[in-house]
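Q: Below you will find the structure I want to go over with you.
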Amino acid sequence: MNTVGLCTRAAFDQTQGACTLAATELMTLDELYEEFDFLPDWEDRCDFLIDLGMELPKLSSDEKIEPNRVHGCQSMVWLVTELDDSGDEPVLRVRANSDAMIVNGLIAVLLAIYDGKTPREVLDADAAEIFKRLELDRHLSSQRKNGLSGMVTRLRQLAAAAIVDLDQQAN
Amino acid sequence: MNTVGLCTRAAFDQTQGACTLAATELMTLDELYEEFDFLPDWEDRCDFLIDLGMELPKLSSDEKIEPNRVHGCQSMVWLVTELDDSGDEPVLRVRANSDAMIVNGLIAVLLAIYDGKTPREVLDADAAEIFKRLELDRHLSSQRKNGLSGMVTRLRQLAAAAIVDLDQQAN
Amino acid sequence: MKHLSETVLDVRNQFPIFDHPLPKGQPVTFLDTAASAQKPQTVIDREREVCERYYANAYRGVYRFGAMVDEELEASREAVRKLLGAESRDELAFTAGATMSLNVIANGWGRRHLQPGDEILLSVLEHHANFVPWQQVVAATGAKLRFIPLTPAGELDLSDPELFNNRTRIVAVTGMSNVLGTLPPLAELSQRAHAVGAILVVDAAQSLPHGPIDVVATGIDFLACSGHKLYGPTGVGILYGRKELLAETDPLIFGGHMIDQVHQDHSTWADPPARFEAGTLPIVQAIALRPALEFMESVGYEAMHAHELELTQAAHAQLAEIPGIQIYGPPPERKGSIVSFTMEGAAAEDIAHLLDRKGVFVRHGHHCTMPLHTWLGVPATVRASFGVYNNLDDVQRLADALRYVRQRLKLDT
Amino acid sequence: MKHLSETVLDVRNQFPIFDHPLPKGQPVTFLDTAASAQKPQTVIDREREVCERYYANAYRGVYRFGAMVDEELEASREAVRKLLGAESRDELAFTAGATMSLNVIANGWGRRHLQPGDEILLSVLEHHANFVPWQQVVAATGAKLRFIPLTPAGELDLSDPELFNNRTRIVAVTGMSNVLGTLPPLAELSQRAHAVGAILVVDAAQSLPHGPIDVVATGIDFLACSGHKLYGPTGVGILYGRKELLAETDPLIFGGHMIDQVHQDHSTWADPPARFEAGTLPIVQAIALRPALEFMESVGYEAMHAHELELTQAAHAQLAEIPGIQIYGPPPERKGSIVSFTMEGAAAEDIAHLLDRKGVFVRHGHHCTMPLHTWLGVPATVRASFGVYNNLDDVQRLADALRYVRQRLKLDT
Ligand SMILES: Cc1ncc(COP(=O)(O)O)c(C=O)c1O
Ligand SMILES: Cc1ncc(COP(=O)(O)O)c(C=O)c1O
């Protein structure tokens with residue numbers, strides 16, 4: 001994966017001003033929480049999301065095709081998923097992109113929740129609770145919420161299908 | 001015709017208190033104007049209309065039938081017309097009744113305009129102008145106006161048809 | 001004459017309409033709440049506040065005012081959800097009024113699901129808004145209307161075993177008659193409808209202003225109501241539909257916001273509730289619906305019911321003393337706060353006209369229920385209906401004014 | 001920077017929304033008037049006045065408040081009649097909005113009169129409200145949609161002689177594009193429509209807020225508009241139809257007031273406009289439409305046009321200096337006061353979001369015109385639209401904020 005690193009406050013602090021996170025590391029949920037708690041108001045958090053978004057790994061142009069489009073968002077969003085069974089347990093790999101940086105920032109949050117998780121973990125994750133913790137529920141327009149929940153639904157459907165498939169293979 | 005007399009201020013004045021109009025006389029337009037001009041406010045005029053209405057000649061119960069109903073009024077209205085050619089010129093005879101006295105009062109106004117008039121006179125009469133002169137246009141609810149204009153339309157249609165018939169007979 | 005509790009007075013004081021006497025000095029005796037309720041100050045102020053402080057179109061802009069409007073609309077939707085005990089806000093669409101909601105249900109669900117020979121069960125009580133749309137659907141689908149007859153008291157006579165049968169697909173009834181005050185047994189209707197596989201549609205335009213309805217506990221599938229009867233603004237209504245049903249309901253009005261994708265040759269629809277919210281919403285009015293519901297809650301539904309019952313009982317008692325008056329419908333204990341009557345020898349229009357002179361505002365006519373008036377055998381009735389702001393003085397003034405009517409029309413001579 | 005005339009300042013002062021700065025002290029730079037206009041004080045006050053002084057349901061009661069409401073509604077209808085130069089008030093119905101009006105026209109006239117093979121001529125500019133309803137009618141009747149193509153500047157290209165042909169029954173176009181500001185030549189369209197026996201339907205939602213349209217002189221058969229874009233309340237719209245056409249238009253919504261007689265087995269309809277006013281009207285909003293029209297008249301349509309043109313020209317000039325911006329549509333002199341654009345490298349959503357931080361309120365997205373955006377070849381645009389209360393400072397703040405966007409998104413590095 002050709003991932004651009006995301007610069008978090010944690011990483012930033014450690015290096016006194018220069019971002020040194022390894023290029024393949026995406027933000028974890030805990031890092032997100034920490035960052036949000038540190039940022040005083042919503043505008044700063046948005047700025048942070050935009051920064052995250054500007055550094056989100058890009059999809060290639062042949063991945064930005066109609067079958068990968070997520071509808072119901074105000075901006076263009078493409079979502080690419082695969083079940084990676086190279087490790088101990090199969091995990092969902094999620095990549096997504098929008099043309100809007102603020103949306104890319106929200107995608108980074110989604111990736112923190114879902115990317116690299118087993119199908120069971122995906123189904124267990126309480127996205128609504130996490131959005132609440134990050135106050136995204138309060139500050140996002142209902143349109144954006146719709147767009148996000150469209151993506152969440154898609155990921156959960158994939159996870160559920162994967163579980164059925166895996167169970168069948170197991171039998 | 002078994003008409004109950006209507007007591008106008010003119011007649012009332014002449015006899016210092018007792019109503020002496022002949023039983024067959026309906027109110028004329030001029031008498032109406034005079035009466036309305038004399039009455040200070042709209043409520044008094046309504047009272048006058050109600051009094052007029054309470055003394056309006058009654059239709060017989062076999063005239064109060066569905067074919068004679070005028071729709072579009074808030075109350076029940078029945079309208080009976082005939083072309084009376086017993087005189088020099090054929091004239092339209094109009095009788096109408098409502099169960100509501102205020103509507104009967106308005107019917108009395110209509111009779112003053114249309115009853116006993118030649119078809120040509122019926123078509124020439126400017127009911128809108130007369131209602132305006134009596135300020136009925138300003139004070140009647142749009143529902144009542146609709147009801148009244150339904151009756152006016154019906155009478156004008158009858159007059160128009162009569163003219164066509166009479167012209168044909170003349171040829 | 002009984003004195004009103006302080007609470008009731010407080011309630012009345014929240015309605016600025018009563019602050020000014022009529023030109024001749026008479027107090028306003030407003031007895032037409034069933035047609036439309038007066039508005040408390042909080043509702044009036046909220047409308048003004050939206051326009052003065054943060055107005056924008058809804059669900060369109062990300063900017064501050066747009067976001068505030070969206071948030072307020074969703075708060076209002078949530079307040080409605082709570083009032084109805086609905087499971088999700090997505091089951092509630094803002095419409096132009098109960099009439100619009102009922103048309104959406106009849107067209108959107110009825111047309112799509114009815115087959116020739118299917119039956120729609122209505123009561124004879126229905127308002128034209130819950131009658132004519134079904135008549136149209138029947139004409140388009142070949143389904144049939146069947147009517148629940150009334151007992152002499154004007155209540156639903158459910159004794160005919162044929163009423164609910166295996167062709168019954170839809171049962172559509174009013175929650176409260178706008179003429180007789182009758183309160184159909186919704187829970188029983190729901191059970192019997194569901195037992196034969198039919199859905200229950202409730203026209204709550206009249207009932208909701210007198211108390212909350214729990215759609216889940218009662219088993220209601222679709223429900224319609226209007227803001228202006230709920231002490232709220234004109235121009236806004238509510239459509240409730242159970243999630244699975246709303247999902248299989250076609251939109252009736254097409255335009256912005258209700259679409260998912262628009263192509264030159266076809267379009268796809270957004271999910272409910274957006275699917276039923278084409279075009280610009282009655283934004284300000286939908287937002288100001290919330291303070292209306294909060295007002296009702298602050299009065300308390302039990303207090304409201306007790307108060308309205310007292311007024312209805314008083315009206316029955318006082319009108320019984322006036323010669324020639326006949327009141328239609330069930331006794332006060334078994335109906336909502338509506339008193340419809342006729343007076344022998346006096347046309348409804350004359351009564352309404354003469355009461356107006358005394359500052360007593362009632363409605364007359366068929367009240368958009370021609371079939372019910374055919375059943376009653378009278379062309380028109382006079383209706384006095386009570387809201388939470390009325391008091392016993394209002395009832396007294398009604399009775400006094402009716403005596404004046406008799407006198408003016410010379411009925412006692 | 002040019003200074004605004006006193007008059008313009010006076011106009012702005014009539015809008016209380018501008019009285020309060022935003023939380024960070026920024027002035028409100030409202031550039032989304034095409035989505036919905038702010039309301040002058042007179043409109044806000046009229047709504048309050050109705051509720052506080054004489055509220056009642058409309059066209060139902062004979063009592064004082066009922067009569068006052070009826071009178072005010074008719075005065076409002078008359079004001080609309082005058083604005084449109086219609087021959088009679090009976091040609092004007094109050095609806096829930098332009099979307100509803102267009103649905104009534106498409107369903108009520110279209111469905112009844114269209115035959116398979118008939119053509120409906122639309123432009124590529126159309127808002128979904130004047131597009132999706134026709135798509136539905138076409139699916140139901142077997143008629144076909146045909147599109148008037150656009151010139152590269154986004155104006156109507158009427159050169160194809162096949163556009164108007166003997167199968168053309170309906171020409172339905174916007175009076176002004178809500179994205180490009182394009183002003184279709186209505187008089188020419190009317191002539192060419194009538195020459196082939198077709199009717200002309202005008203979606204005036206965007207055009208009417210910028211100047212009156214004379215339906216008779218222009219030859220318009222049906223017209224739709226919304227109160228909330230006319231500096232009036234949300235929840236109310238207008239349907240105009242030429243008398244003979246309205247008479248042969250079916251109602252879309254069924255219920256109270258729109259009926260003549262209701263029998264158990266069939267019903268008959270009231271004459272227009274009541275036929276199209278089922279249920280309780282948006283009473284308060286329809287009444288408060290009149291002060292909105294009076295406000296526009298008091299500003300004067302010529303002054304309004306001159307002012308809005310100045311703002312549009314200034315916006316074009318200022319935006320031209322910002323790298324990466326492309327403005328769509330005709331030059332300012334040939335369009336209404338709408339400036340839609342994209343900025344290379346910046347998504348519309350990010351632009352709108354970042355402008356909001358500067359108190360600059362614009363809209364982004366497809367603006368309910370997906371087919372037009374397909375034609376433009378961009379998924380979304382940013383739209384700044386001007387109302388009579390905007391000034392050159394607003395334009396300046398828009399330009400400044402757009403420079404900030406470039407900086408924040410690091411587009412210049
Ligand atoms: C050109 C055009 N037509 C129709 C509409 C629909 O108006 P409304 O949403 O008020 O029904 C709009 C407004 O968005 C518009 O811009
Ligand atoms: C029982 C009932 N249903 C429906 C309606 C229609 O409500 P609206 O006119 O607000 O659409 C009314 C109000 O007149 C009503 O009383």
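Every chain in the structure tokens takes a letter, A first, then B, and so on in the order presented; its residues are numbered from 1, and the ligands are numbered from 1 following the presented order.
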Using DSSP on the backbone coordinates, identify all residues within chain A classified as helix (DSSP H, G or I); present the result as a ChimeraX atom specification.
A: /A:9-14,29-38,42-54,66-68,101-114,119-124,127-133,136-139,142-170
Q: Which residues form the shell of 9 Å around ligand 1 when you count only C-alpha atoms and all ligand atoms, given as a ChimeraX atom specification?
A: /C:57,255-257,278-281 /D:34-36,96-102,125-130,173-179,203-207,224-229,234-237,367-369
Q: Counting only C-alpha atoms, which residues of chain B come no farther than 10 Å from chain C, as number ranges by chain?
A: B: 43, 46-47, 50-51, 54, 73-76, 98-103
Q: Could you write out the selected residues, including C-alpha atoms, as a PDB file, in the first residue's frame?
A:
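Wrote result.pdb, looks like this:
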```
ATOM      1  CA  GLU B  43     -74.984  44.884  11.867  1.00  0.00           C
ATOM      2  CA  CYS B  46     -77.885  42.507   8.611  1.00  0.00           C
ATOM      3  CA  ASP B  47     -80.749  42.864  11.026  1.00  0.00           C
ATOM      4  CA  ILE B  50     -82.883  39.093   8.500  1.00  0.00           C
ATOM      5  CA  ASP B  51     -86.207  40.875   8.917  1.00  0.00           C
ATOM      6  CA  MET B  54     -88.211  36.308   7.786  1.00  0.00           C
ATOM      7  CA  CYS B  73     -74.247  27.939  -0.586  1.00  0.00           C
ATOM      8  CA  GLN B  74     -73.579  27.270   3.060  1.00  0.00           C
ATOM      9  CA  SER B  75     -77.295  26.834   3.682  1.00  0.00           C
ATOM     10  CA  MET B  76     -80.040  25.179   1.667  1.00  0.00           C
ATOM     11  CA  SER B  98     -83.384  29.370   2.062  1.00  0.00           C
ATOM     12  CA  ASP B  99     -83.604  27.827   5.505  1.00  0.00           C
ATOM     13  CA  ALA B 100     -81.385  30.659   6.716  1.00  0.00           C
ATOM     14  CA  MET B 101     -83.014  34.026   7.267  1.00  0.00           C
ATOM     15  CA  ILE B 102     -79.903  36.012   6.472  1.00  0.00           C
ATOM     16  CA  VAL B 103     -79.777  34.236   3.127  1.00  0.00           C
TER      17      VAL B 103
END
```
Q: Provide the CA of Leu252 in chain D to CA of Asn103 in chain D distance in Å, to one decimal place.
A: 8.0 Å
Q: List as a ChimeraX atom specification the protein and nucleic acid residues near Glu121 in chain B, meaning an atom at most 10 Å away when only C-alpha atoms are counted, but skip any in the same chain fewer than 3 places from it.
A: /B:91-92,113-114,116-118,124-126,156,159
Q: Would you mind listing what lies within 9 Å of Arg93 in chain B as a PyMOL selection string, with only C-alpha atoms counted and same-chain residues fewer than 6 positions away left out?
A: chain B and resi 80-84+111+114-117
Q: Please report, as a ChimeraX atom specification, each residue of range 13-121 of chain C to which DSSP assigns strand (DSSP E or B) when run on this structure's backbone.
A: /C:29-30,32,92-95,119-121
Q: Near Ser123 in chain D, within 9 Å and counting only C-alpha atoms, which residues show up once chain neighbours fewer than 5 positions away are dropped, as number ranges by chain?
A: D: 146-150, 156, 171-174
Q: Please produce an output containing N, CA and C atoms for each residue in the selection, written as a CSV table (one decimal), in the first residue's frame.
A:
```csv
chain,number,residue,atom,x,y,z
D,146,ARG,N,-38.5,15.8,-24.6
D,146,ARG,CA,-37.5,16.3,-25.5
D,146,ARG,C,-36.8,17.5,-24.9
D,147,PHE,N,-35.5,17.6,-25.1
D,147,PHE,CA,-34.8,18.7,-24.4
D,147,PHE,C,-34.3,19.7,-25.4
D,148,ILE,N,-34.5,21.0,-24.9
D,148,ILE,CA,-33.9,22.1,-25.6
D,148,ILE,C,-32.4,22.1,-25.2
D,149,PRO,N,-31.5,22.0,-26.2
D,149,PRO,CA,-30.1,22.0,-25.8
D,149,PRO,C,-29.6,23.4,-25.4
D,150,LEU,N,-28.4,23.4,-24.9
D,150,LEU,CA,-27.8,24.7,-24.4
D,150,LEU,C,-26.7,25.1,-25.3
D,156,LEU,N,-30.4,28.9,-24.0
D,156,LEU,CA,-31.2,28.0,-24.8
D,156,LEU,C,-30.8,28.1,-26.3
D,171,VAL,N,-44.6,22.9,-23.3
D,171,VAL,CA,-43.2,23.4,-23.2
D,171,VAL,C,-43.1,23.9,-21.7
D,172,ALA,N,-42.2,23.3,-21.0
D,172,ALA,CA,-42.1,23.7,-19.6
D,172,ALA,C,-40.6,24.1,-19.3
D,173,VAL,N,-40.5,25.4,-19.0
D,173,VAL,CA,-39.1,25.9,-18.8
D,173,VAL,C,-39.0,26.8,-17.6
D,174,THR,N,-37.8,26.9,-17.1
D,174,THR,CA,-37.6,27.8,-15.9
D,174,THR,C,-37.6,29.2,-16.4
```
Q: In Å, how far is it from CA of Leu110 in chain B to CA of Leu49 in chain B?
A: 11.8 Å
Q: Can you tell me how far atom 11 (O, counted along the ligand's line) of ligand 2 sits from CA of Glu74 in chain D, in Å to one decimal?
A: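 Straight-line distance from atom 11 (O, counted along the ligand's line) of ligand 2 to CA of Glu74 in chain D works out to 19.8 Å.
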